[in-house]
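K.L.:
Mind looking over this structure? Questions follow.
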Amino acid sequence: MADTISKAKRSQVMAAVRSKGNRETELRLVDILRAAGITGWRRHQPLPGRPDFVFRAERLAVFVDGCFWHGCPKHCRMPAANGRYWQQKISRNISRDRASVRALKAAGWRVIRLWGHALGYPARVSQRIIRELNASRRRCKHTRTSYEPAI
């Protein structure tokens with residue numbers, strides 16, 4: 001079906017639409033964290049790249065990347081229509097992701113990037129986060145030396 005409004009008007013309408021975030025994947029990770037007894041996280045803290053989850057005391061930032069929007073090598077399938085546009089869009093997203101990781105690391109943060117499909121393996125996800133929390137806590141003198149989930 002052809003669009004009934006001009007390209008300029010469509011662009012204006014789409015620019016006004018505000019994202020609600022990757023709510024579904026974030027809520028899945030909330031469930032995983034709670035089930036594993038992992039505490040101390042906050043969501044949507046004002047840091048470079050806007051991490052989905054932040055463990056401030058441990059300086060650990062966690063991103064949940066959707067397979068399409070962030071170019072998952074296993075699951076990202078480019079749409080047939082406007083292929084060049086989407087390729088460039090995904091490439092810009094990947095570049096922005098890399099820049100935010102560099103900025104966070106330069107500021108002394110550890111960073112975990114999880115693919116949305118990885119949330120299908122909750123034990124692996126929670127083990128990875130616990131491993132990073134423990135590594136972060138060994139570096140930070142003001143926190144516990146190892147992470148014991150609060151179950």
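If you're wondering about the labels, chains in the structure tokens are A, B, ... by order shown, residues count from 1 in each chain, ligands from 1 in order shown.
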I need the residues of segment 43-147 of chain A that end up classed as helix (DSSP H, G or I) by DSSP on the backbone, written out as an NGL selection string.

P.N.:
:A and (83-106 or 116-120 or 122-139)

K.L.:
Find the residues around Arg43 of chain A up to 8 Å (only C-alpha atoms counted), leave out those fewer than 6 positions away in its own chain, and share them as an MDAnalysis selection string.

P.N.:
chainID A and resid 51:54

K.L.:
Generate a file of the selected residues that holds C-alpha atoms, formatted as a JSON list (two decimals), in the first residue's frame.

P.N.:
```json
[["chain", "number", "residue", "atom", "x", "y", "z"],
["A", 51, "PRO", "CA", 22.87, 1.46, 29.74],
["A", 52, "ASP", "CA", 19.74, -0.58, 30.45],
["A", 53, "PHE", "CA", 21.04, -1.65, 33.88],
["A", 54, "VAL", "CA", 23.71, -0.13, 36.10]]
```

K.L.:
Could you check which of A:Thr25, A:Asn134, A:Asn93, A:Gln45 is closest to Leu114 of chain A, using only C-alpha atoms?

P.N.:
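Among the listed residues, A:Thr25 lies closest to Leu114 of chain A.
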
K.L.:
Enter the distance from atom CA of Arg59 of chain A to atom CA of Ile90 of chain A, in Å, rounded to one decimal.

P.N.:
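We find that atom CA of Arg59 of chain A and atom CA of Ile90 of chain A lie 27.8 Å from each other.
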
K.L.:
Between A:Arg131, A:His44, A:Arg137, A:Arg124, which has the minimum distance to Ile32 of chain A (counting only C-alpha atoms)?

P.N.:
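Under the stated criterion, the closest residue is A:Arg124.
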
K.L.:
Please provide the set of residues having any atom within 6 Å of Trp115 of chain A, restricted to only C-alpha atoms, with same-chain residues fewer than 3 positions apart removed, written as a list in words.

P.N.:
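Skipping anything fewer than 3 positions along the chain leaves Val64, Asp65 and Ala118 of chain A.
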
K.L.:
Give the answer as one residue: which of A:Glu132, A:Asp97, A:Glu58, A:Glu24 has the shortest atom-to-atom distance to Gly40 of chain A, using only C-alpha atoms?

P.N.:
A:Glu58

K.L.:
Have a look at A:Arg96, A:Gln87, A:Thr39, A:Gly116 and name the one nearest to Leu27 of chain A; count only C-alpha atoms.

P.N.:
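The answer is A:Gly116, which sits nearest to Leu27 of chain A.
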
K.L.:
Out of A:Leu133, A:Ala123, A:Pro46, A:Arg110, which residue has the shortest atom-to-atom distance to Ala61 of chain A when counting only C-alpha atoms?

P.N.:
A:Arg110

K.L.:
Rank A:Arg23, A:Lys74, A:Phe55, A:Trp86 by their smallest atom-to-atom distance to Ser136 of chain A, using only C-alpha atoms, and report the top residue only.

P.N.:
A:Phe55

K.L.:
Please give the complete set of residues from segment 43-145 of chain A that DSSP, run on the backbone, assigns to strand (DSSP E or B), formatted as a VMD selection string.

P.N.:
chain A and resid 43 53 to 55 60 to 65 110 to 115

K.L.:
Those same residues, written as a PDB file, in the first residue's frame with C-alpha atoms?

P.N.:
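Wrote it out as again.pdb, contents follow:
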```pdb
ATOM      1  CA  ARG A  43      17.697   1.071  35.345  1.00  0.00           C
ATOM      2  CA  PHE A  53      21.038  -1.652  33.885  1.00  0.00           C
ATOM      3  CA  VAL A  54      23.705  -0.132  36.097  1.00  0.00           C
ATOM      4  CA  PHE A  55      25.426  -1.483  39.192  1.00  0.00           C
ATOM      5  CA  LEU A  60      29.179  -2.218  35.876  1.00  0.00           C
ATOM      6  CA  ALA A  61      26.934  -1.206  32.959  1.00  0.00           C
ATOM      7  CA  VAL A  62      24.688  -3.764  31.231  1.00  0.00           C
ATOM      8  CA  PHE A  63      23.105  -3.279  27.816  1.00  0.00           C
ATOM      9  CA  VAL A  64      20.466  -5.564  26.283  1.00  0.00           C
ATOM     10  CA  ASP A  65      20.802  -5.284  22.505  1.00  0.00           C
ATOM     11  CA  ARG A 110      33.037  -2.494  33.089  1.00  0.00           C
ATOM     12  CA  VAL A 111      30.525  -3.175  30.321  1.00  0.00           C
ATOM     13  CA  ILE A 112      28.396  -6.187  29.421  1.00  0.00           C
ATOM     14  CA  ARG A 113      26.456  -6.230  26.156  1.00  0.00           C
ATOM     15  CA  LEU A 114      23.866  -9.009  25.935  1.00  0.00           C
ATOM     16  CA  TRP A 115      22.011 -10.012  22.783  1.00  0.00           C
TER      17      TRP A 115
END
```
